[in-house]
>>> print(open('final29.tsv').read())   # TSV, C-alpha atoms
chain	number	residue	atom	x	y	z
A	1	MET	CA	-51.61	-31.58	1.46
A	2	ASP	CA	-55.12	-32.53	0.32
A	3	LYS	CA	-56.76	-35.48	2.00
A	4	LEU	CA	-56.54	-38.75	0.04
A	5	TRP	CA	-60.10	-40.04	0.30
A	6	LYS	CA	-60.60	-43.69	1.17
A	7	ILE	CA	-62.93	-45.83	-0.94
A	8	LEU	CA	-64.07	-49.40	-0.20
A	9	VAL	CA	-64.80	-51.40	-3.36
A	10	VAL	CA	-66.98	-54.50	-2.93
A	11	ASP	CA	-67.51	-57.08	-5.70
A	12	ASP	CA	-67.35	-60.88	-5.82
A	13	GLU	CA	-65.76	-60.88	-9.30
A	14	PRO	CA	-61.97	-60.28	-9.29
A	15	ASN	CA	-62.12	-58.83	-12.81
A	16	ASN	CA	-64.58	-56.16	-11.67
A	17	LEU	CA	-62.37	-55.27	-8.72
A	18	GLU	CA	-59.40	-54.93	-11.06
A	19	VAL	CA	-61.35	-52.67	-13.43
A	20	LEU	CA	-62.29	-50.32	-10.60
A	21	ARG	CA	-58.74	-50.45	-9.24
A	22	SER	CA	-57.42	-49.26	-12.60
A	23	VAL	CA	-60.01	-46.46	-12.73
A	24	LEU	CA	-59.36	-45.15	-9.21
A	25	ALA	CA	-55.78	-46.07	-8.26
A	26	GLY	CA	-53.55	-43.08	-7.60
A	27	THR	CA	-56.49	-40.76	-6.94
A	28	TYR	CA	-57.94	-42.49	-3.88
A	29	THR	CA	-56.82	-44.86	-1.14
A	30	LEU	CA	-58.53	-48.14	-1.97
A	31	ALA	CA	-59.68	-51.12	0.10
A	32	PHE	CA	-61.39	-54.21	-1.34
A	33	ALA	CA	-63.88	-56.85	-0.25
A	34	LYS	CA	-65.23	-59.88	-2.18
A	35	ASN	CA	-68.52	-60.52	-0.37
A	36	GLY	CA	-71.01	-58.96	2.00
A	37	HIS	CA	-69.48	-60.19	5.24
A	38	GLN	CA	-66.03	-59.01	4.17
A	39	ALA	CA	-67.58	-55.66	3.26
A	40	LEU	CA	-68.94	-55.16	6.79
A	41	GLU	CA	-65.59	-56.16	8.31
A	42	ALA	CA	-63.71	-53.88	5.91
A	43	ALA	CA	-66.00	-50.94	6.72
A	44	LEU	CA	-65.19	-51.39	10.41
A	45	ARG	CA	-61.46	-51.80	9.79
A	46	HIS	CA	-60.88	-49.09	7.15
A	47	ARG	CA	-63.62	-46.51	7.93
A	48	PRO	CA	-64.01	-45.54	4.25
A	49	ASP	CA	-65.27	-42.17	3.08
A	50	LEU	CA	-67.34	-43.83	0.32
A	51	ILE	CA	-68.32	-47.37	-0.70
A	52	LEU	CA	-68.75	-48.81	-4.20
A	53	LEU	CA	-71.02	-51.82	-3.70
A	54	ASP	CA	-72.01	-54.67	-6.00
A	55	VAL	CA	-75.55	-56.03	-5.63
A	56	MET	CA	-75.40	-59.68	-6.72
A	57	MET	CA	-73.04	-61.50	-4.36
A	58	PRO	CA	-73.24	-64.95	-2.76
A	59	GLY	CA	-74.55	-65.12	0.79
A	60	MET	CA	-75.33	-61.50	1.64
A	61	ASP	CA	-76.29	-59.29	-1.30
A	62	GLY	CA	-75.42	-55.62	-1.61
A	63	TYR	CA	-78.86	-54.43	-0.56
A	64	GLU	CA	-78.50	-56.22	2.78
A	65	VAL	CA	-74.97	-54.86	3.26
A	66	CYS	CA	-76.29	-51.35	2.68
A	67	ARG	CA	-79.25	-51.87	4.99
A	68	ARG	CA	-76.99	-53.06	7.81
A	69	LEU	CA	-74.55	-50.18	7.40
A	70	LYS	CA	-77.34	-47.61	7.31
A	71	SER	CA	-78.86	-49.01	10.50
A	72	ASP	CA	-75.58	-48.47	12.39
A	73	PRO	CA	-74.95	-44.89	13.65
A	74	ASP	CA	-71.21	-45.41	13.15
A	75	PHE	CA	-71.62	-45.97	9.41
A	76	ASP	CA	-74.96	-44.52	8.32
A	77	GLN	CA	-73.38	-41.31	6.96
A	78	ILE	CA	-71.02	-43.12	4.57
A	79	PRO	CA	-72.24	-42.61	0.96
A	80	ILE	CA	-72.89	-45.91	-0.81
A	81	ILE	CA	-72.91	-46.10	-4.61
A	82	PHE	CA	-74.27	-49.34	-6.05
A	83	VAL	CA	-72.35	-50.70	-9.05
A	84	SER	CA	-74.33	-53.50	-10.65
A	85	ALA	CA	-75.30	-55.22	-13.88
A	86	MET	CA	-78.90	-55.19	-12.61
A	87	ASP	CA	-80.24	-52.22	-14.53
A	88	ASP	CA	-84.02	-52.45	-14.14
A	89	VAL	CA	-85.74	-49.41	-12.68
A	90	GLU	CA	-87.01	-51.59	-9.83
A	91	ASP	CA	-83.45	-52.67	-8.97
A	92	GLN	CA	-82.27	-49.08	-8.87
A	93	ALA	CA	-85.28	-47.99	-6.83
A	94	ARG	CA	-84.56	-50.67	-4.25
A	95	GLY	CA	-80.97	-49.46	-4.03
A	96	PHE	CA	-82.18	-45.97	-3.13
A	97	GLU	CA	-84.79	-47.34	-0.72
A	98	VAL	CA	-82.17	-49.14	1.39
A	99	GLY	CA	-80.02	-46.01	1.59
A	100	GLY	CA	-77.81	-45.90	-1.50
A	101	ILE	CA	-76.89	-42.44	-2.74
A	102	ASP	CA	-76.31	-43.39	-6.40
A	103	TYR	CA	-76.50	-46.34	-8.81
A	104	ILE	CA	-74.04	-47.07	-11.64
A	105	THR	CA	-74.72	-49.89	-14.10
A	106	LYS	CA	-72.12	-52.29	-15.49
A	107	PRO	CA	-70.11	-52.37	-17.63
A	108	VAL	CA	-68.80	-49.23	-15.99
A	109	SER	CA	-67.61	-46.14	-17.79
A	110	ALA	CA	-64.43	-44.78	-16.21
A	111	PRO	CA	-65.39	-41.08	-16.69
A	112	ILE	CA	-68.84	-41.70	-15.17
A	113	VAL	CA	-67.43	-43.52	-12.16
A	114	ARG	CA	-64.89	-40.77	-11.53
A	115	ALA	CA	-67.47	-38.01	-11.96
A	116	ARG	CA	-70.03	-39.61	-9.64
A	117	ILE	CA	-67.40	-40.20	-6.97
A	118	ARG	CA	-66.13	-36.61	-7.21
A	119	THR	CA	-69.68	-35.34	-6.78
A	120	HIS	CA	-70.41	-37.38	-3.68
A	121	ILE	CA	-66.98	-36.81	-2.11
A	122	ALA	CA	-67.60	-33.06	-2.50
A	123	LEU	CA	-70.89	-33.46	-0.65
A	124	VAL	CA	-69.14	-35.41	2.12
A	125	ASP	CA	-66.58	-32.62	2.41
A	126	GLN	CA	-69.31	-29.95	2.59
A	127	SER	CA	-71.21	-31.98	5.18
A	128	ALA	CA	-68.10	-32.20	7.35
A	129	VAL	CA	-67.77	-28.41	7.21
A	130	LEU	CA	-71.42	-28.02	8.22
A	131	GLU	CA	-70.95	-30.36	11.17
A	132	ARG	CA	-67.82	-28.56	12.35
A	133	LEU	CA	-69.60	-25.20	12.16
A	134	GLY	CA	-72.51	-26.68	14.08
A	135	ILE	CA	-70.14	-27.89	16.78
A	136	ALA	CA	-68.57	-24.43	16.89
A	137	GLY	CA	-71.98	-23.02	17.75
A	138	GLU	CA	-72.46	-25.65	20.44
A	139	TYR	CA	-68.94	-25.70	21.87
A	140	LYS	CA	-69.35	-23.13	24.61
A	141	ASP	CA	-71.92	-25.12	26.56
A	142	ASN	CA	-71.28	-28.65	25.28
A	143	GLU	CA	-67.66	-29.23	24.45
A	144	THR	CA	-68.12	-32.65	22.87
A	145	GLY	CA	-70.48	-31.37	20.17
A	146	ALA	CA	-72.46	-34.58	20.69
A	147	HIS	CA	-75.76	-32.69	20.94
A	148	VAL	CA	-75.63	-31.44	17.36
A	149	ARG	CA	-74.64	-34.85	16.04
A	150	ARG	CA	-77.45	-36.55	17.93
A	151	MET	CA	-80.18	-34.16	16.90
A	152	GLY	CA	-79.06	-34.43	13.29
A	153	ARG	CA	-79.59	-38.19	13.53
A	154	TYR	CA	-82.96	-37.73	15.28
A	155	SER	CA	-84.07	-35.40	12.49
A	156	GLU	CA	-83.07	-37.98	9.89
A	157	ILE	CA	-85.00	-40.73	11.69
A	158	LEU	CA	-88.14	-38.60	11.77
A	159	ALA	CA	-87.73	-37.62	8.10
A	160	LYS	CA	-87.58	-41.33	7.22
A	161	ARG	CA	-90.81	-41.86	9.16
A	162	LEU	CA	-92.35	-39.16	6.98
A	163	GLY	CA	-91.34	-41.06	3.85
A	164	TRP	CA	-88.71	-38.62	2.64
A	165	SER	CA	-86.25	-39.73	-0.02
A	166	PRO	CA	-82.81	-40.96	1.10
A	167	ASP	CA	-81.22	-37.78	-0.26
A	168	ALA	CA	-83.64	-35.55	1.66
A	169	CYS	CA	-83.15	-37.56	4.87
A	170	ARG	CA	-79.42	-37.28	4.49
A	171	ALA	CA	-79.68	-33.54	3.83
A	172	ILE	CA	-81.58	-32.79	7.03
A	173	SER	CA	-79.14	-34.94	9.01
A	174	GLN	CA	-76.28	-32.89	7.61
A	175	SER	CA	-77.86	-29.44	7.90
A	176	ALA	CA	-79.66	-29.76	11.26
A	177	PRO	CA	-76.39	-29.47	13.26
A	178	MET	CA	-76.16	-25.86	12.05
A	179	HIS	CA	-79.37	-24.93	13.86
A	180	ASP	CA	-77.66	-22.98	16.66
A	181	ILE	CA	-74.69	-21.53	14.78
A	182	GLY	CA	-76.00	-18.08	15.80
A	183	LYS	CA	-74.90	-18.85	19.37
A	184	ILE	CA	-71.39	-17.79	18.43
A	185	ALA	CA	-72.72	-14.21	18.34
A	186	ILE	CA	-74.23	-14.41	21.86
A	187	PRO	CA	-72.08	-13.09	24.76
A	188	ASP	CA	-70.88	-15.71	27.23
A	189	ARG	CA	-72.44	-13.86	30.16
A	190	ILE	CA	-75.83	-14.63	28.61
A	191	LEU	CA	-75.19	-17.96	26.93
A	192	LEU	CA	-73.59	-19.51	30.01
A	193	LYS	CA	-75.70	-17.84	32.69
A	194	PRO	CA	-76.71	-20.57	35.18
A	195	GLY	CA	-79.98	-18.89	36.19
A	196	LYS	CA	-82.95	-17.48	34.31
A	197	LEU	CA	-82.39	-14.68	31.82
A	198	ASP	CA	-83.94	-11.27	32.37
A	199	ALA	CA	-86.02	-9.62	29.64
A	200	ASP	CA	-83.10	-7.84	27.97
A	201	GLU	CA	-80.89	-10.93	28.10
A	202	TRP	CA	-83.68	-13.04	26.64
A	203	THR	CA	-84.04	-10.61	23.73
A	204	VAL	CA	-80.35	-11.04	22.95
A	205	MET	CA	-80.54	-14.82	23.31
A	206	ARG	CA	-83.50	-15.07	20.96
A	207	SER	CA	-81.57	-13.18	18.30
A	208	HIS	CA	-79.41	-16.26	17.67
A	209	ALA	CA	-82.00	-17.66	15.25
A	210	GLU	CA	-81.81	-14.69	12.88
A	211	ARG	CA	-78.07	-14.30	13.39
A	212	GLY	CA	-77.58	-17.97	12.54
A	213	ALA	CA	-79.54	-17.65	9.30
A	214	ALA	CA	-77.49	-14.56	8.42
A	215	ILE	CA	-74.20	-16.37	9.09
A	216	ILE	CA	-75.20	-19.26	6.83
A	217	GLY	CA	-76.63	-16.95	4.17
A	218	ALA	CA	-79.59	-17.25	1.84
A	219	LYS	CA	-77.61	-18.40	-1.18
A	220	GLY	CA	-75.28	-21.31	-1.83
A	221	SER	CA	-76.09	-25.00	-2.17
A	222	ALA	CA	-79.46	-26.59	-1.41
A	223	LEU	CA	-77.87	-28.01	1.74
A	224	MET	CA	-76.86	-24.54	2.95
A	225	GLN	CA	-80.30	-23.16	2.14
A	226	MET	CA	-81.90	-25.91	4.21
A	227	ALA	CA	-79.51	-25.14	7.07
A	228	ALA	CA	-80.52	-21.46	6.93
A	229	ARG	CA	-84.23	-22.35	7.03
A	230	ILE	CA	-83.61	-24.57	10.04
A	231	ALA	CA	-81.58	-21.92	11.85
A	232	ILE	CA	-84.28	-19.27	11.56
A	233	SER	CA	-87.33	-21.49	12.17
A	234	HIS	CA	-86.42	-24.14	14.76
A	235	HIS	CA	-87.70	-21.97	17.65
A	236	GLU	CA	-91.07	-21.25	16.04
A	237	LYS	CA	-94.00	-22.99	17.74
A	238	TRP	CA	-97.06	-24.63	16.24
A	239	ASP	CA	-99.42	-22.31	18.17
A	240	GLY	CA	-97.66	-19.15	16.98
A	241	THR	CA	-95.94	-18.25	20.27
A	242	GLY	CA	-92.39	-18.97	19.10
A	243	TYR	CA	-89.70	-16.73	17.63
A	244	PRO	CA	-88.36	-14.87	15.70
A	245	HIS	CA	-91.46	-14.36	13.54
A	246	GLY	CA	-94.29	-15.96	15.49
A	247	LEU	CA	-95.15	-18.32	12.64
A	248	ARG	CA	-98.07	-20.68	13.19
A	249	GLY	CA	-98.84	-24.23	12.05
A	250	GLU	CA	-97.76	-25.22	8.56
A	251	ALA	CA	-96.40	-21.73	7.92
A	252	ILE	CA	-93.37	-23.02	9.82
A	253	PRO	CA	-91.04	-24.84	7.40
A	254	ILE	CA	-91.28	-28.60	7.87
A	255	VAL	CA	-87.52	-28.78	8.48
A	256	GLY	CA	-87.93	-26.34	11.37
A	257	ARG	CA	-90.78	-28.38	12.84
A	258	ILE	CA	-88.70	-31.57	12.68
A	259	VAL	CA	-85.61	-30.00	14.21
A	260	ALA	CA	-87.67	-28.36	16.97
A	261	LEU	CA	-88.68	-31.81	18.20
A	262	ALA	CA	-85.19	-33.26	17.87
A	263	ASP	CA	-83.57	-30.28	19.59
A	264	VAL	CA	-85.93	-30.13	22.57
A	265	PHE	CA	-85.87	-33.90	23.05
A	266	ASP	CA	-82.09	-33.99	23.30
A	267	ALA	CA	-81.79	-30.76	25.30
A	268	LEU	CA	-84.20	-32.01	27.97
A	269	LEU	CA	-82.30	-35.28	28.31
A	270	SER	CA	-78.96	-33.45	28.57
A	271	ARG	CA	-77.26	-31.48	31.33
A	272	ARG	CA	-77.10	-27.74	30.72
A	273	PRO	CA	-75.66	-24.83	32.75
A	274	TYR	CA	-79.22	-23.96	33.81
A	275	LYS	CA	-80.73	-27.47	34.34
A	276	ALA	CA	-80.17	-31.09	35.27
A	277	PRO	CA	-81.07	-33.81	32.73
A	278	TRP	CA	-84.68	-34.98	32.76
A	279	PRO	CA	-85.58	-38.70	32.90
A	280	LEU	CA	-86.89	-40.15	29.64
A	281	ASP	CA	-90.44	-40.72	30.86
A	282	ARG	CA	-90.75	-37.06	31.87
A	283	VAL	CA	-89.44	-35.95	28.46
A	284	ILE	CA	-91.98	-38.17	26.68
A	285	ASP	CA	-94.81	-36.76	28.81
A	286	TYR	CA	-93.70	-33.21	28.02
A	287	ILE	CA	-93.55	-33.82	24.26
A	288	GLN	CA	-97.05	-35.34	24.34
A	289	GLU	CA	-98.36	-32.37	26.32
A	290	GLN	CA	-96.85	-29.94	23.80
A	291	ALA	CA	-98.41	-31.57	20.71
A	292	GLY	CA	-100.39	-28.79	19.03
A	293	LEU	CA	-98.75	-26.15	21.23
A	294	HIS	CA	-94.99	-26.20	20.70
A	295	PHE	CA	-94.86	-29.12	18.28
A	296	ASP	CA	-96.59	-30.18	15.09
A	297	PRO	CA	-99.25	-32.61	16.38
A	298	ALA	CA	-98.82	-34.86	13.33
A	299	LEU	CA	-95.09	-35.28	14.01
A	300	VAL	CA	-95.29	-36.08	17.73
A	301	PRO	CA	-96.65	-39.66	17.43
A	302	LEU	CA	-94.14	-40.46	14.68
A	303	PHE	CA	-91.35	-39.14	16.86
A	304	LEU	CA	-92.46	-41.06	19.93
A	305	ASP	CA	-92.80	-44.23	17.86
A	306	SER	CA	-89.09	-43.82	17.11
A	307	ILE	CA	-87.91	-43.49	20.72
A	308	ASP	CA	-86.04	-46.83	20.63
A	309	GLU	CA	-84.04	-45.64	17.61
A	310	MET	CA	-83.38	-42.30	19.30
A	311	GLU	CA	-82.07	-44.06	22.39
A	312	LEU	CA	-79.63	-46.08	20.27
A	313	VAL	CA	-78.30	-42.79	18.91
A	314	ARG	CA	-77.81	-41.48	22.46
A	315	VAL	CA	-75.86	-44.60	23.40
A	316	ALA	CA	-73.68	-44.33	20.28
A	317	LEU	CA	-73.05	-40.58	20.70
A	318	PRO	CA	-72.72	-39.80	24.43
A	319	ASP	CA	-71.57	-36.42	25.79
>>> encode(input="final29.tsv", output="structure tokens")
Amino acid sequence: MDKLWKILVVDDEPNNLEVLRSVLAGTYTLAFAKNGHQALEAALRHRPDLILLDVMMPGMDGYEVCRRLKSDPDFDQIPIIFVSAMDDVEDQARGFEVGGIDYITKPVSAPIVRARIRTHIALVDQSAVLERLGIAGEYKDNETGAHVRRMGRYSEILAKRLGWSPDACRAISQSAPMHDIGKIAIPDRILLKPGKLDADEWTVMRSHAERGAAIIGAKGSALMQMAARIAISHHEKWDGTGYPHGLRGEAIPIVGRIVALADVFDALLSRRPYKAPWPLDRVIDYIQEQAGLHFDPALVPLFLDSIDEMELVRVALPD
């Protein structure tokens, strides 16, 4: 049986809630809230797959509700569609700036509401598949899959620092967990070896980048294409000494440069079959030392400025 997706509808006008109920009832499981504080409580209680959010509400407006949800790692992946009578370009732009994924103006058109929801639910479904595949690639040496979730969030934080659009930030968060999917093609005797790899073993291990890109494929959605670029480029190094192609500097796709930082940061802080976790201060020193060598020197200060946010992610998503 197909999943019945859960939608939280937030509006302070009962008539508007009733209109959206009539449009969506029978197709989705619905929950309702009449103000911003109720919306936050309902998000915690119902864990919706998508939120339809009014802007003009007494007390806490929709922009603030969205901002609070997007600042919480437990809720920041929930798509939020604003539904508002405020139809100025500036109003819509602010909705996207605080993390909304779409903006529908009132009075609503039933076909438009249904179509927009179907589109974003499909993206949620695809993102879930990407995350599960990413965890499959990580499962052998990290059974919780927390590493891939964390580094997806780190990548999103850094993308925001770079001024990327909300959609682009969300895309890298969703596709970054696929970075090591090629590990599923690496024999356990190599992947789980507690000591250093010999030359032949290292050659096999390094092949996971190209194998991962091949598994994902070069076609498909923009999200899948980004995931393939990440898989094949996240082990390239700024100075050209990385693999598989020895790319240098800005020839490395920006998504690969971002994920390289996120991946190494989390890996160094985590226990692995071949190493104990490093303390945070040692990790920070290493990343600074590798600016211009392993890492894009322009990204390193932005990343380190975000350490407090990264640490919140680690607390929220422990191994």
>>> atom_distance(input="final29.tsv", atom1="CA of Ala93 in chain A", atom2="CA of His37 in chain A")
23.3 Å
>>> closest_residue(input="final29.tsv", among="A:Pro297, A:Ile184, A:Ala159, A:Arg170", to="Ile258 in chain A", atoms="only C-alpha atoms")
A:Ala159
>>> atom_distance(input="final29.tsv", atom1="CA of Met57 in chain A", atom2="CA of Asp12 in chain A")
5.9 Å
>>> closest_residue(input="final29.tsv", among="A:Met226, A:Ile252, A:Leu192, A:Leu268", to="Ala171 in chain A", atoms="all atoms listed in the file")
A:Met226
>>> closest_residue(input="final29.tsv", among="A:Leu52, A:Gly59, A:Ala209, A:Ser306", to="Asn35 in chain A", atoms="all atoms listed in the file")
A:Gly59
>>> atom_distance(input="final29.tsv", atom1="CA of Tyr28 in chain A", atom2="CA of Leu50 in chain A")
10.4 Å
>>> residues_around(input="final29.tsv", residues="Asp266 in chain A", least_positions_apart="4", cutoff="9 Å", atoms="only C-alpha atoms", output="ChimeraX atom specification")
/A:147,150-151,154,261-262,270,314
>>> closest_residue(input="final29.tsv", among="A:Phe75, A:Lys237, A:Asp305, A:Lys275", to="Leu158 in chain A", atoms="all atoms listed in the file")
A:Asp305
>>> residues_around(input="final29.tsv", residues="range 20-24 of chain A", least_positions_apart="4", cutoff="9 Å", atoms="only C-alpha atoms", output="PDB file with C-alpha atoms, keeping the file's coordinate frame")
ATOM      1  CA  VAL A   9     -64.800 -51.400  -3.360  1.00  0.00           C
ATOM      2  CA  ASN A  15     -62.120 -58.830 -12.810  1.00  0.00           C
ATOM      3  CA  ASN A  16     -64.580 -56.160 -11.670  1.00  0.00           C
ATOM      4  CA  TYR A  28     -57.940 -42.490  -3.880  1.00  0.00           C
ATOM      5  CA  THR A  29     -56.820 -44.860  -1.140  1.00  0.00           C
ATOM      6  CA  LEU A  30     -58.530 -48.140  -1.970  1.00  0.00           C
ATOM      7  CA  VAL A 108     -68.800 -49.230 -15.990  1.00  0.00           C
ATOM      8  CA  ALA A 110     -64.430 -44.780 -16.210  1.00  0.00           C
ATOM      9  CA  PRO A 111     -65.390 -41.080 -16.690  1.00  0.00           C
ATOM     10  CA  VAL A 113     -67.430 -43.520 -12.160  1.00  0.00           C
ATOM     11  CA  ARG A 114     -64.890 -40.770 -11.530  1.00  0.00           C
TER      12      ARG A 114
END
>>> closest_residue(input="final29.tsv", among="A:Ala25, A:Ala251, A:Ala260, A:Val98", to="Pro166 in chain A", atoms="only C-alpha atoms")
A:Val98
>>> residues_around(input="final29.tsv", residues="Ile230 in chain A", least_positions_apart="3", cutoff="8 Å", atoms="only C-alpha atoms", output="PDB file with C-alpha atoms, in the coordinates of the input")
ATOM      1  CA  SER A 175     -77.860 -29.440   7.900  1.00  0.00           C
ATOM      2  CA  ALA A 176     -79.660 -29.760  11.260  1.00  0.00           C
ATOM      3  CA  MET A 178     -76.160 -25.860  12.050  1.00  0.00           C
ATOM      4  CA  HIS A 179     -79.370 -24.930  13.860  1.00  0.00           C
ATOM      5  CA  MET A 226     -81.900 -25.910   4.210  1.00  0.00           C
ATOM      6  CA  ALA A 227     -79.510 -25.140   7.070  1.00  0.00           C
ATOM      7  CA  SER A 233     -87.330 -21.490  12.170  1.00  0.00           C
ATOM      8  CA  HIS A 234     -86.420 -24.140  14.760  1.00  0.00           C
ATOM      9  CA  PRO A 253     -91.040 -24.840   7.400  1.00  0.00           C
ATOM     10  CA  VAL A 255     -87.520 -28.780   8.480  1.00  0.00           C
ATOM     11  CA  GLY A 256     -87.930 -26.340  11.370  1.00  0.00           C
ATOM     12  CA  VAL A 259     -85.610 -30.000  14.210  1.00  0.00           C
TER      13      VAL A 259
END
>>> residues_around(input="final29.tsv", residues="Tyr103 in chain A", least_positions_apart="6", cutoff="7 Å", atoms="all atoms listed in the file", output="tab-separated table (two decimals) with C-alpha atoms, in the coordinates of the input")
chain	number	residue	atom	x	y	z
A	81	ILE	CA	-72.91	-46.10	-4.61
A	82	PHE	CA	-74.27	-49.34	-6.05
A	83	VAL	CA	-72.35	-50.70	-9.05
A	92	GLN	CA	-82.27	-49.08	-8.87
>>> residues_around(input="final29.tsv", residues="Ile51 in chain A", least_positions_apart="2", cutoff="8 Å", atoms="all atoms listed in the file", output="ChimeraX atom specification")
/A:7-10,48-49,53,78-81
>>> closest_residue(input="final29.tsv", among="A:Val283, A:Ile121, A:Ala316, A:Ala276", to="Leu4 in chain A", atoms="only C-alpha atoms")
A:Ile121
>>> residues_near_point(input="final29.tsv", point="(-94.9, -19.5, 19.0)", cutoff="12 Å", atoms="all atoms listed in the file", output="VMD selection string")
chain A and resid 233 to 249 251 to 252 257 260 290 292 to 296
>>> decode(input="final29.tsv", residues="range 299-315 of chain A", atoms="N, CA and C atoms", output="JSON list (two decimals), in the first residue's frame")
[["chain", "number", "residue", "atom", "x", "y", "z"],
["A", 299, "LEU", "N", 37.02, 28.33, 0.76],
["A", 299, "LEU", "CA", 35.95, 27.69, 1.51],
["A", 299, "LEU", "C", 36.32, 27.46, 2.97],
["A", 300, "VAL", "N", 37.61, 27.28, 3.25],
["A", 300, "VAL", "CA", 38.03, 26.92, 4.61],
["A", 300, "VAL", "C", 37.58, 27.94, 5.66],
["A", 301, "PRO", "N", 37.81, 29.25, 5.48],
["A", 301, "PRO", "CA", 37.35, 30.18, 6.53],
["A", 301, "PRO", "C", 35.84, 30.19, 6.69],
["A", 302, "LEU", "N", 35.09, 30.03, 5.60],
["A", 302, "LEU", "CA", 33.63, 29.97, 5.71],
["A", 302, "LEU", "C", 33.21, 28.74, 6.50],
["A", 303, "PHE", "N", 33.89, 27.64, 6.24],
["A", 303, "PHE", "CA", 33.58, 26.41, 6.96],
["A", 303, "PHE", "C", 33.89, 26.55, 8.44],
["A", 304, "LEU", "N", 35.05, 27.08, 8.76],
["A", 304, "LEU", "CA", 35.44, 27.20, 10.16],
["A", 304, "LEU", "C", 34.58, 28.22, 10.90],
["A", 305, "ASP", "N", 34.08, 29.22, 10.18],
["A", 305, "ASP", "CA", 33.15, 30.17, 10.80],
["A", 305, "ASP", "C", 31.82, 29.51, 11.17],
["A", 306, "SER", "N", 31.58, 28.32, 10.61],
["A", 306, "SER", "CA", 30.31, 27.62, 10.83],
["A", 306, "SER", "C", 30.44, 26.48, 11.82],
["A", 307, "ILE", "N", 31.58, 26.39, 12.52],
["A", 307, "ILE", "CA", 31.83, 25.25, 13.39],
["A", 307, "ILE", "C", 30.73, 25.07, 14.44],
["A", 308, "ASP", "N", 30.22, 26.16, 15.00],
["A", 308, "ASP", "CA", 29.17, 26.04, 16.01],
["A", 308, "ASP", "C", 27.93, 25.35, 15.44],
["A", 309, "GLU", "N", 27.57, 25.71, 14.20],
["A", 309, "GLU", "CA", 26.43, 25.06, 13.55],
["A", 309, "GLU", "C", 26.73, 23.59, 13.29],
["A", 310, "MET", "N", 27.96, 23.30, 12.87],
["A", 310, "MET", "CA", 28.34, 21.91, 12.60],
["A", 310, "MET", "C", 28.24, 21.08, 13.88],
["A", 311, "GLU", "N", 28.66, 21.65, 15.00],
["A", 311, "GLU", "CA", 28.63, 20.92, 16.26],
["A", 311, "GLU", "C", 27.19, 20.63, 16.68],
["A", 312, "LEU", "N", 26.26, 21.54, 16.40],
["A", 312, "LEU", "CA", 24.85, 21.28, 16.69],
["A", 312, "LEU", "C", 24.34, 20.09, 15.89],
["A", 313, "VAL", "N", 24.80, 19.98, 14.64],
["A", 313, "VAL", "CA", 24.43, 18.84, 13.81],
["A", 313, "VAL", "C", 24.96, 17.54, 14.42],
["A", 314, "ARG", "N", 26.19, 17.56, 14.90],
["A", 314, "ARG", "CA", 26.78, 16.36, 15.50],
["A", 314, "ARG", "C", 26.00, 15.94, 16.75],
["A", 315, "VAL", "N", 25.55, 16.91, 17.52],
["A", 315, "VAL", "CA", 24.77, 16.58, 18.72],
["A", 315, "VAL", "C", 23.41, 15.97, 18.32]]
